[in-house]
$ cat work00.txt   # compact mmCIF, C-alpha atoms
# COMPACT_ATOMS: atom_id res chain seq x y z
CA MET A 1 0.00 0.00 0.00
CA LYS A 2 1.27 3.43 -0.94
CA LEU A 3 -0.71 6.69 -1.11
CA VAL A 4 -0.84 10.43 -0.48
CA ILE A 5 -3.71 11.84 1.61
CA LEU A 6 -4.70 15.16 3.20
CA LYS A 7 -3.96 15.13 6.92
CA ASP A 8 -7.15 16.95 8.00
CA LYS A 9 -9.45 14.58 6.08
CA LEU A 10 -7.64 11.52 7.44
CA GLU A 11 -7.80 12.88 11.00
CA GLU A 12 -11.56 13.49 10.72
CA ALA A 13 -12.16 9.90 9.60
CA LEU A 14 -9.95 8.52 12.37
CA ARG A 15 -11.94 10.43 15.00
CA GLY A 16 -15.08 8.78 13.67
CA CYS A 17 -13.47 5.35 13.85
CA GLU A 18 -12.39 5.96 17.45
CA ILE A 19 -16.04 6.56 18.38
CA ILE A 20 -16.79 2.95 17.43
CA SER A 21 -13.60 1.20 18.56
CA PRO A 22 -14.09 -0.11 22.14
CA LYS A 23 -11.72 1.28 24.77
CA LYS A 24 -11.69 -2.02 26.67
CA THR A 25 -12.23 -5.44 25.10
CA THR A 26 -10.87 -8.98 25.25
CA LEU A 27 -10.82 -9.01 21.42
CA LEU A 28 -7.84 -6.74 20.78
CA ILE A 29 -8.50 -6.68 17.01
CA LEU A 30 -11.53 -4.47 17.73
CA GLN A 31 -9.23 -1.69 18.97
CA ASN A 32 -7.76 -1.48 15.49
CA VAL A 33 -8.79 0.35 12.34
CA LEU A 34 -8.62 -1.42 8.98
CA LEU A 35 -7.04 0.67 6.21
CA VAL A 36 -7.67 -0.38 2.60
CA SER A 37 -6.44 1.63 -0.40
CA GLU A 38 -8.64 1.17 -3.47
CA LYS A 39 -9.08 3.20 -6.64
CA ASN A 40 -9.12 6.86 -5.51
CA PHE A 41 -9.93 6.30 -1.83
CA LEU A 42 -8.48 5.21 1.47
CA LYS A 43 -11.17 3.18 3.21
CA LEU A 44 -11.10 3.15 7.03
CA SER A 45 -13.21 0.63 8.97
CA ALA A 46 -13.91 0.16 12.69
CA THR A 47 -16.31 -2.11 14.58
CA ASN A 48 -17.27 -3.21 18.09
CA LEU A 49 -19.34 -6.15 16.74
CA GLU A 50 -22.63 -4.41 17.69
CA SER A 51 -22.03 -1.55 15.28
CA GLY A 52 -19.54 -0.64 12.59
CA VAL A 53 -18.45 2.35 10.54
CA ILE A 54 -16.63 2.86 7.23
CA PHE A 55 -15.14 6.16 6.03
CA TRP A 56 -13.94 6.80 2.49
CA VAL A 57 -11.32 9.55 2.11
CA LEU A 58 -10.07 10.81 -1.25
CA ALA A 59 -6.41 9.95 -1.78
CA LYS A 60 -3.80 9.63 -4.51
CA ILE A 61 -3.31 5.87 -4.65
CA GLU A 62 0.08 4.72 -5.95
CA LYS A 63 -0.24 1.11 -4.81
CA GLU A 64 -3.30 -0.71 -3.50
CA GLY A 65 -3.13 -2.72 -0.28
CA LYS A 66 -4.35 -2.96 3.29
CA ILE A 67 -3.16 -2.99 6.89
CA CYS A 68 -4.70 -3.03 10.37
CA VAL A 69 -3.29 -0.63 12.99
CA PRO A 70 -4.33 0.46 16.53
CA ALA A 71 -6.94 3.21 16.12
CA LYS A 72 -5.91 5.26 19.15
CA THR A 73 -2.18 5.12 18.45
CA PHE A 74 -2.64 6.05 14.79
CA SER A 75 -5.02 8.89 15.64
CA GLN A 76 -2.72 10.32 18.34
CA THR A 77 0.23 10.16 15.94
CA ILE A 78 -1.58 12.00 13.14
CA GLU A 79 -2.48 14.90 15.48
CA TYR A 80 1.14 16.06 15.58
CA PHE A 81 1.66 16.12 11.82
CA PRO A 82 1.26 19.45 9.95
CA SER A 83 -1.94 20.11 8.00
CA LYS A 84 -0.36 19.02 4.73
CA PRO A 85 -0.48 15.94 2.47
CA LEU A 86 0.84 12.82 4.21
CA ASN A 87 2.61 9.89 2.58
CA LEU A 88 1.39 6.51 3.81
CA SER A 89 2.99 3.19 2.91
CA VAL A 90 3.38 -0.31 4.33
CA GLU A 91 6.79 -1.77 5.18
CA ASN A 92 7.17 -5.15 6.91
CA ASN A 93 3.64 -5.04 8.33
CA SER A 94 4.16 -1.52 9.72
CA LEU A 95 2.43 1.62 8.52
CA LEU A 96 4.94 4.34 7.61
CA VAL A 97 3.61 7.90 7.89
CA GLU A 98 5.81 10.64 6.41
CA CYS A 99 5.57 14.42 6.06
CA GLU A 100 8.48 16.87 5.77
CA ASN A 101 10.97 15.88 8.51
CA LEU A 102 8.51 13.62 10.41
CA GLN A 103 8.59 9.85 9.98
CA VAL A 104 6.63 7.39 12.12
CA PHE A 105 6.20 3.61 11.95
CA VAL A 106 2.97 2.24 13.47
CA ASP A 107 3.11 -1.52 13.96
CA GLY A 108 0.20 -3.36 12.36
CA VAL A 109 -1.62 -6.65 12.96
CA SER A 110 -3.06 -9.19 10.55
CA SER A 111 -5.94 -7.65 8.60
CA GLU A 112 -7.38 -11.13 8.06
CA GLU A 113 -8.62 -11.17 11.67
CA PHE A 114 -10.64 -7.97 11.28
CA PRO A 115 -14.41 -8.68 11.46
CA ILE A 116 -16.59 -8.18 8.40
CA ILE A 117 -18.91 -5.15 8.59
CA PRO A 118 -22.33 -6.06 7.14
CA GLU A 119 -23.11 -4.57 3.73
CA ILE A 120 -26.39 -2.86 2.85
CA LYS A 121 -29.03 -5.48 2.01
CA SER A 122 -31.80 -3.17 0.78
CA GLU A 123 -32.13 -0.92 -2.25
CA GLU A 124 -34.94 1.20 -0.75
CA ALA A 125 -33.68 4.26 1.11
CA ILE A 126 -35.39 6.74 3.42
CA PHE A 127 -33.83 10.21 3.12
CA LEU A 128 -33.21 12.21 6.32
CA ASP A 129 -31.59 15.51 7.20
CA GLY A 130 -28.56 14.51 9.28
CA LYS A 131 -28.25 17.68 11.36
CA THR A 132 -31.97 17.76 12.18
CA LEU A 133 -31.97 14.09 13.15
CA CYS A 134 -28.95 14.44 15.43
CA VAL A 135 -30.26 17.58 17.17
CA ASN A 136 -33.56 15.84 17.93
CA LEU A 137 -31.87 12.64 19.11
CA SER A 138 -29.59 14.64 21.41
CA SER A 139 -32.60 15.74 23.46
CA LEU A 140 -33.70 12.11 23.99
CA ILE A 141 -30.45 10.24 24.48
CA LYS A 142 -30.36 10.44 28.31
CA ILE A 143 -33.81 8.94 28.79
CA PRO A 144 -33.55 5.22 27.86
CA SER A 145 -32.66 2.92 30.75
CA PRO A 146 -30.62 -0.30 30.26
CA SER A 147 -32.92 -3.23 31.03
CA THR A 148 -32.52 -6.98 30.54
CA ALA A 149 -36.16 -7.58 31.48
CA ARG A 150 -37.47 -5.01 28.96
CA PRO A 151 -34.69 -4.48 26.39
CA GLU A 152 -36.96 -2.33 24.20
CA LEU A 153 -36.70 0.43 26.85
CA SER A 154 -32.92 0.45 26.34
CA GLY A 155 -33.24 2.20 22.99
CA VAL A 156 -34.89 4.94 20.97
CA LEU A 157 -37.92 4.21 18.81
CA PHE A 158 -37.84 5.40 15.18
CA SER A 159 -41.43 5.32 13.94
CA PHE A 160 -41.99 6.21 10.27
CA GLN A 161 -45.51 6.89 9.07
CA GLU A 162 -46.43 8.74 5.89
CA LYS A 163 -44.32 11.97 5.92
CA THR A 164 -43.46 11.95 9.65
CA LEU A 165 -40.72 10.39 11.74
CA LYS A 166 -41.45 10.07 15.46
CA LEU A 167 -38.49 9.63 17.81
CA VAL A 168 -39.50 8.27 21.22
CA ALA A 169 -37.57 7.41 24.39
CA THR A 170 -38.78 6.23 27.80
CA ASP A 171 -37.57 4.63 31.02
CA SER A 172 -41.15 3.98 32.25
CA PHE A 173 -40.98 7.03 34.61
CA ARG A 174 -40.77 9.59 31.82
CA LEU A 175 -41.23 9.67 28.08
CA ALA A 176 -40.37 12.16 25.34
CA GLU A 177 -41.46 12.31 21.72
CA ARG A 178 -40.08 14.42 18.89
CA LYS A 179 -41.56 14.65 15.40
CA ILE A 180 -39.57 15.33 12.23
CA ASN A 181 -41.19 16.13 8.90
CA LEU A 182 -39.87 13.98 6.05
CA SER A 183 -39.18 15.14 2.50
CA GLN A 184 -40.75 11.98 1.10
CA GLU A 185 -43.70 9.80 2.01
CA VAL A 186 -43.08 6.37 3.54
CA THR A 187 -45.45 3.86 1.92
CA LYS A 188 -45.91 1.75 5.05
CA LYS A 189 -45.52 2.23 8.80
CA ILE A 190 -42.03 1.25 9.95
CA ASN A 191 -40.92 0.87 13.57
CA LEU A 192 -37.36 0.16 14.64
CA ILE A 193 -35.53 0.45 17.97
CA LEU A 194 -31.91 1.62 18.04
CA PRO A 195 -29.80 0.80 21.12
CA GLN A 196 -28.89 3.81 23.27
CA ASN A 197 -25.14 3.42 22.59
CA SER A 198 -25.81 3.22 18.86
CA VAL A 199 -27.79 6.46 19.01
CA ARG A 200 -24.84 8.14 20.77
CA GLU A 201 -22.51 6.92 18.02
CA LEU A 202 -24.94 8.07 15.34
CA ILE A 203 -25.08 11.59 16.80
CA GLN A 204 -21.30 11.93 17.03
CA ILE A 205 -20.67 10.61 13.53
CA PHE A 206 -23.38 12.42 11.57
CA GLU A 207 -24.01 15.68 13.51
CA LYS A 208 -22.41 17.76 10.72
CA GLU A 209 -23.81 15.84 7.76
CA GLU A 210 -26.63 17.14 5.57
CA GLU A 211 -28.38 14.23 3.83
CA LEU A 212 -28.57 10.72 5.28
CA ARG A 213 -29.87 7.63 3.59
CA LEU A 214 -31.37 4.97 5.85
CA TYR A 215 -31.59 1.31 4.79
CA LEU A 216 -33.31 -1.38 6.78
CA SER A 217 -33.41 -5.15 7.28
CA PRO A 218 -35.30 -7.08 10.01
CA SER A 219 -32.32 -7.04 12.41
CA GLN A 220 -29.95 -4.36 11.08
CA VAL A 221 -30.03 -0.71 10.03
CA TRP A 222 -27.60 1.28 7.87
CA PHE A 223 -27.05 5.04 7.63
CA GLU A 224 -25.03 6.40 4.73
CA THR A 225 -23.87 9.76 3.42
CA PHE A 226 -22.37 10.57 0.05
CA SER A 227 -19.51 12.85 -0.93
CA LEU A 228 -20.69 15.97 -2.78
CA GLU A 229 -17.55 16.04 -4.93
CA THR A 230 -17.60 12.46 -6.19
CA ASN A 231 -21.12 11.07 -5.51
CA HIS A 232 -19.35 8.18 -3.78
CA PRO A 233 -20.25 6.92 -0.29
CA LYS A 234 -18.52 9.03 2.36
CA ILE A 235 -19.66 7.42 5.64
CA HIS A 236 -21.38 4.08 6.13
CA TYR A 237 -22.65 3.26 9.64
CA THR A 238 -24.51 0.13 10.64
CA THR A 239 -25.86 -1.26 13.89
CA ARG A 240 -28.00 -4.09 15.19
CA LEU A 241 -31.57 -3.35 16.19
CA ILE A 242 -33.26 -4.20 19.47
CA GLU A 243 -35.78 -6.98 18.95
CA GLY A 244 -39.29 -6.71 20.35
CA GLU A 245 -42.27 -4.38 20.27
CA TYR A 246 -42.09 -0.87 21.67
CA PRO A 247 -44.80 -0.10 24.28
CA GLU A 248 -48.06 1.44 23.02
CA TYR A 249 -47.09 4.68 24.70
CA GLU A 250 -49.75 6.85 23.06
CA GLU A 251 -52.42 5.12 25.17
CA ILE A 252 -50.99 6.54 28.42
CA ILE A 253 -50.66 10.13 27.19
CA PRO A 254 -53.48 12.22 28.72
CA LYS A 255 -55.88 13.87 26.29
CA GLU A 256 -57.66 16.09 28.83
CA PHE A 257 -56.31 18.05 31.79
CA ASN A 258 -57.72 19.54 34.98
CA THR A 259 -54.97 22.14 35.41
CA GLN A 260 -52.68 24.00 33.01
CA ALA A 261 -49.95 26.47 33.95
CA THR A 262 -47.77 28.62 31.69
CA PHE A 263 -44.57 30.15 33.07
CA LEU A 264 -41.21 31.62 32.07
CA LYS A 265 -38.67 28.88 31.46
CA GLU A 266 -35.49 30.35 32.98
CA GLU A 267 -37.23 31.81 36.03
CA PHE A 268 -38.76 28.44 36.87
CA LEU A 269 -35.51 26.52 36.23
CA ASN A 270 -33.59 28.83 38.56
CA GLN A 271 -36.03 28.17 41.41
CA LEU A 272 -36.17 24.44 40.64
CA ARG A 273 -32.39 24.07 40.82
CA ILE A 274 -32.25 25.79 44.20
CA ALA A 275 -35.03 23.51 45.44
CA GLY A 276 -33.05 20.55 44.14
CA ILE A 277 -30.25 21.31 46.62
CA PHE A 278 -32.65 20.55 49.49
CA SER A 279 -34.49 17.65 47.82
CA GLY A 280 -32.74 14.85 49.73
CA LYS A 281 -32.00 11.35 48.47
CA THR A 282 -35.36 11.03 46.71
CA ASN A 283 -34.84 14.23 44.63
CA GLU A 284 -38.41 15.19 45.57
CA VAL A 285 -39.60 18.71 44.85
CA ARG A 286 -43.21 19.77 45.41
CA LEU A 287 -45.25 22.12 43.25
CA LYS A 288 -48.45 23.76 44.44
CA ILE A 289 -50.45 25.23 41.56
CA LEU A 290 -52.61 28.15 42.73
CA PRO A 291 -55.04 29.36 40.01
CA LYS A 292 -56.54 32.19 42.08
CA GLU A 293 -53.11 33.69 42.75
CA ASN A 294 -51.64 32.79 39.33
CA LYS A 295 -48.62 31.37 41.13
CA ILE A 296 -46.69 28.12 41.41
CA LEU A 297 -45.16 27.46 44.83
CA ILE A 298 -41.96 25.38 44.77
CA SER A 299 -40.70 23.65 47.92
CA SER A 300 -38.35 20.94 49.14
CA GLN A 301 -36.79 19.82 52.38
CA SER A 302 -34.05 17.57 53.65
CA PRO A 303 -33.63 16.40 57.28
CA ASN A 304 -29.89 17.05 57.09
CA LEU A 305 -29.66 20.16 54.92
CA GLY A 306 -32.71 22.37 55.49
CA ARG A 307 -35.68 23.42 53.40
CA TYR A 308 -36.58 25.69 50.51
CA GLN A 309 -39.71 27.65 49.64
CA GLY A 310 -40.10 29.79 46.56
CA GLY A 311 -42.50 30.54 43.79
CA VAL A 312 -42.94 31.85 40.24
CA ARG A 313 -45.66 33.80 38.47
CA ALA A 314 -47.79 31.79 36.03
CA LYS A 315 -50.92 31.91 33.90
CA ILE A 316 -53.09 29.14 35.35
CA THR A 317 -56.43 27.64 34.34
CA GLY A 318 -58.31 24.87 36.12
CA LYS A 319 -58.14 23.45 39.61
CA GLU A 320 -55.67 23.94 42.45
CA ILE A 321 -53.34 20.97 42.70
CA GLU A 322 -50.29 19.85 44.68
CA ILE A 323 -47.88 17.45 43.00
CA ALA A 324 -44.32 16.18 43.53
CA PHE A 325 -41.64 15.29 40.97
CA ASN A 326 -38.10 14.05 40.76
CA TRP A 327 -36.61 17.49 40.17
CA LYS A 328 -33.84 16.22 37.89
CA PHE A 329 -36.36 14.56 35.57
CA LEU A 330 -38.55 17.67 35.65
CA GLN A 331 -35.56 19.90 34.89
CA GLU A 332 -34.53 17.76 31.91
CA GLY A 333 -37.98 17.97 30.35
CA ILE A 334 -38.15 21.74 30.75
CA VAL A 335 -34.60 22.33 29.46
CA GLU A 336 -35.43 20.48 26.22
CA SER A 337 -38.78 22.27 25.80
CA GLY A 338 -39.46 25.56 24.09
CA LYS A 339 -37.46 28.76 24.12
CA SER A 340 -38.94 31.10 26.72
CA GLU A 341 -42.37 29.89 27.90
CA ILE A 342 -43.34 26.44 29.17
CA GLU A 343 -46.77 24.88 29.50
CA LEU A 344 -47.30 22.33 32.29
CA SER A 345 -50.50 20.27 31.94
CA LEU A 346 -51.76 18.13 34.84
CA THR A 347 -54.57 15.63 35.39
CA ASN A 348 -54.22 15.05 39.15
CA SER A 349 -51.53 14.57 41.80
CA ASP A 350 -51.02 10.93 40.79
CA GLY A 351 -51.37 11.17 37.01
CA PRO A 352 -48.80 11.90 34.30
CA ALA A 353 -47.87 15.50 33.51
CA ILE A 354 -47.17 16.87 30.04
CA ILE A 355 -44.47 19.49 29.50
CA ARG A 356 -43.95 21.39 26.24
CA GLY A 357 -43.04 24.82 24.91
CA THR A 358 -46.04 27.08 24.36
CA GLU A 359 -45.22 27.40 20.65
CA GLU A 360 -43.92 23.86 20.22
CA LYS A 361 -45.94 21.34 18.23
CA ASN A 362 -43.32 18.67 17.50
CA TYR A 363 -42.16 17.83 21.04
CA PHE A 364 -43.65 16.80 24.35
CA TYR A 365 -42.29 15.35 27.59
CA CYS A 366 -44.44 13.13 29.79
CA LEU A 367 -43.42 12.72 33.44
CA MET A 368 -44.90 10.57 36.21
CA PRO A 369 -45.12 12.26 39.64
CA ILE A 370 -43.73 11.01 42.92
CA LYS A 371 -46.33 9.93 45.45
CA ILE A 372 -46.47 12.69 48.08
CA SER A 373 -45.23 11.33 51.41

$ encode --input "work00.txt" --output "structure tokens"
Amino acid sequence: MKLVILKDKLEEALRGCEIISPKKTTLLILQNVLLVSEKNFLKLSATNLESGVIFWVLAKIEKEGKICVPAKTFSQTIEYFPSKPLNLSVENNSLLVECENLQVFVDGVSSEEFPIIPEIKSEEAIFLDGKTLCVNLSSLIKIPSPSTARPELSGVLFSFQEKTLKLVATDSFRLAERKINLSQEVTKKINLILPQNSVRELIQIFEKEEELRLYLSPSQVWFETFSLETNHPKIHYTTRLIEGEYPEYEEIIPKEFNTQATFLKEEFLNQLRIAGIFSGKTNEVRLKILPKENKILISSQSPNLGRYQGGVRAKITGKEIEIAFNWKFLQEGIVESGKSEIELSLTNSDGPAIIRGTEEKNYFYCLMPIKIS
């Protein structure tokens, strides 16, 4: 193998490969990146067996070949090279990297041991905006909870129907849904569940990409972007899906409410965070909704730390109600909602609450209360 490649483009691809390569594993081959020079590209591959990624980087290929080298070592080495074309070649199963007066040999391992990354098995693609998808997923990624009893709760639901994609995450205590409008219509309803770790990888790899193509099989999903200059695949990411049916979550979402309160986002969050300091081990913070006074009282107490009482102005309709929440879960829902004003909708002190921005139609956050002690 012998080629010339731009340092910055190579470094970008290596960072993507490091996202996939496991930091700790008994299979040491998985900590390596496979380099293959072919036609006008250097192809870099990484996998952790659950997911895999391939990057294609334009290069001047003088001799085709392949080698497997430690991803972290290679990436750290490249950082110190100048932002100029690099010469890469293989000598005695070592990768030689040269530029100006710098010369580094990175010892390789047998490329024959590197696992095969599954190829796309479908010709039908769903087109997505990469940046929009990643921004929406970022607001849901903390919610899923690892579960062996209910593995479907360990991931994020992608639900395609007509010209809408619904992204849903839950841990059974809280649930959030985001809607994305699609540029094309999906002919049939499609549901798939991506593991939480895979969603994290997806966000990191594609957060700057414009158009994504999604391909699907019963147990695997592929995301792919193309290079604008060459119309050749640029990034190919694949992961296994979580088997099973996602809960029929829409059935538990309240349709009618007894109390609704609208308040300023930052003012409420400031009070909530102070209350959180005195919330104790249970993270319990109480809200008392007072329609006649157009006020929400916020309180908490801890036997060892003290207590807090505060309140914010609000526009309130409906009945007076007292309700308690895990303040961290409540904070997370409010942070991800709206820009300046938040609407809190309640059924009763034991029923689920809905949180959303007053001008937000494509997102809601559903939170179960804590039973008041």

$ residues_around --input "work00.txt" --residues "segment 248-258 of chain A" --least-positions-apart "5" --cutoff "7 Å" --atoms "all atoms listed in the file" --output "list in words"
Gly318, Lys319, Ser345, Leu346 and Thr347 of chain A

$ closest_residue --input "work00.txt" --among "A:Arg150, A:Lys188, A:Arg15, A:Arg178" --to "Glu79 of chain A" --atoms "all atoms listed in the file"
A:Arg15

$ closest_residue --input "work00.txt" --among "A:Cys68, A:Lys23, A:Tyr308, A:Arg356" --to "Ser110 of chain A" --atoms "all atoms listed in the file"
A:Cys68

$ residues_around --input "work00.txt" --residues "Ile323 of chain A" --least-positions-apart "5" --cutoff "10 Å" --atoms "all atoms listed in the file" --output "MDAnalysis selection string"
chainID A and resid 285:289 346 348:351 353 369:372

$ closest_residue --input "work00.txt" --among "A:Leu264, A:Ala169, A:Ala314, A:Leu157" --to "Ser139 of chain A" --atoms "only C-alpha atoms"
A:Ala169

$ atom_distance --input "work00.txt" --atom1 "atom CA of Ser279 of chain A" --atom2 "atom CA of Pro146 of chain A"
25.4 Å

$ closest_residue --input "work00.txt" --among "A:Gln204, A:Thr26, A:Thr238, A:Ser300" --to "Glu12 of chain A" --atoms "all atoms listed in the file"
A:Gln204

$ residues_near_point --input "work00.txt" --point "(-11.0, 8.2, 16.9)" --cutoff "12 Å" --atoms "only C-alpha atoms" --output "PyMOL selection string"
chain A and resi 10-23+31-33+44-47+53+55+70-79+201+204-205

$ closest_residue --input "work00.txt" --among "A:Leu269, A:Val109, A:Ile54, A:Ile61" --to "Trp222 of chain A" --atoms "all atoms listed in the file"
A:Ile54

$ residues_around --input "work00.txt" --residues "segment 227-229 of chain A" --least-positions-apart "4" --cutoff "12 Å" --atoms "only C-alpha atoms" --output "JSON, numbers by chain"
{"A": [41, 55, 56, 57, 58, 209, 210, 211, 212, 233, 234, 235, 236]}

$ residues_near_point --input "work00.txt" --point "(-37.9, 1.4, 10.4)" --cutoff "12 Å" --atoms "all atoms listed in the file" --output "count of residues only"
34
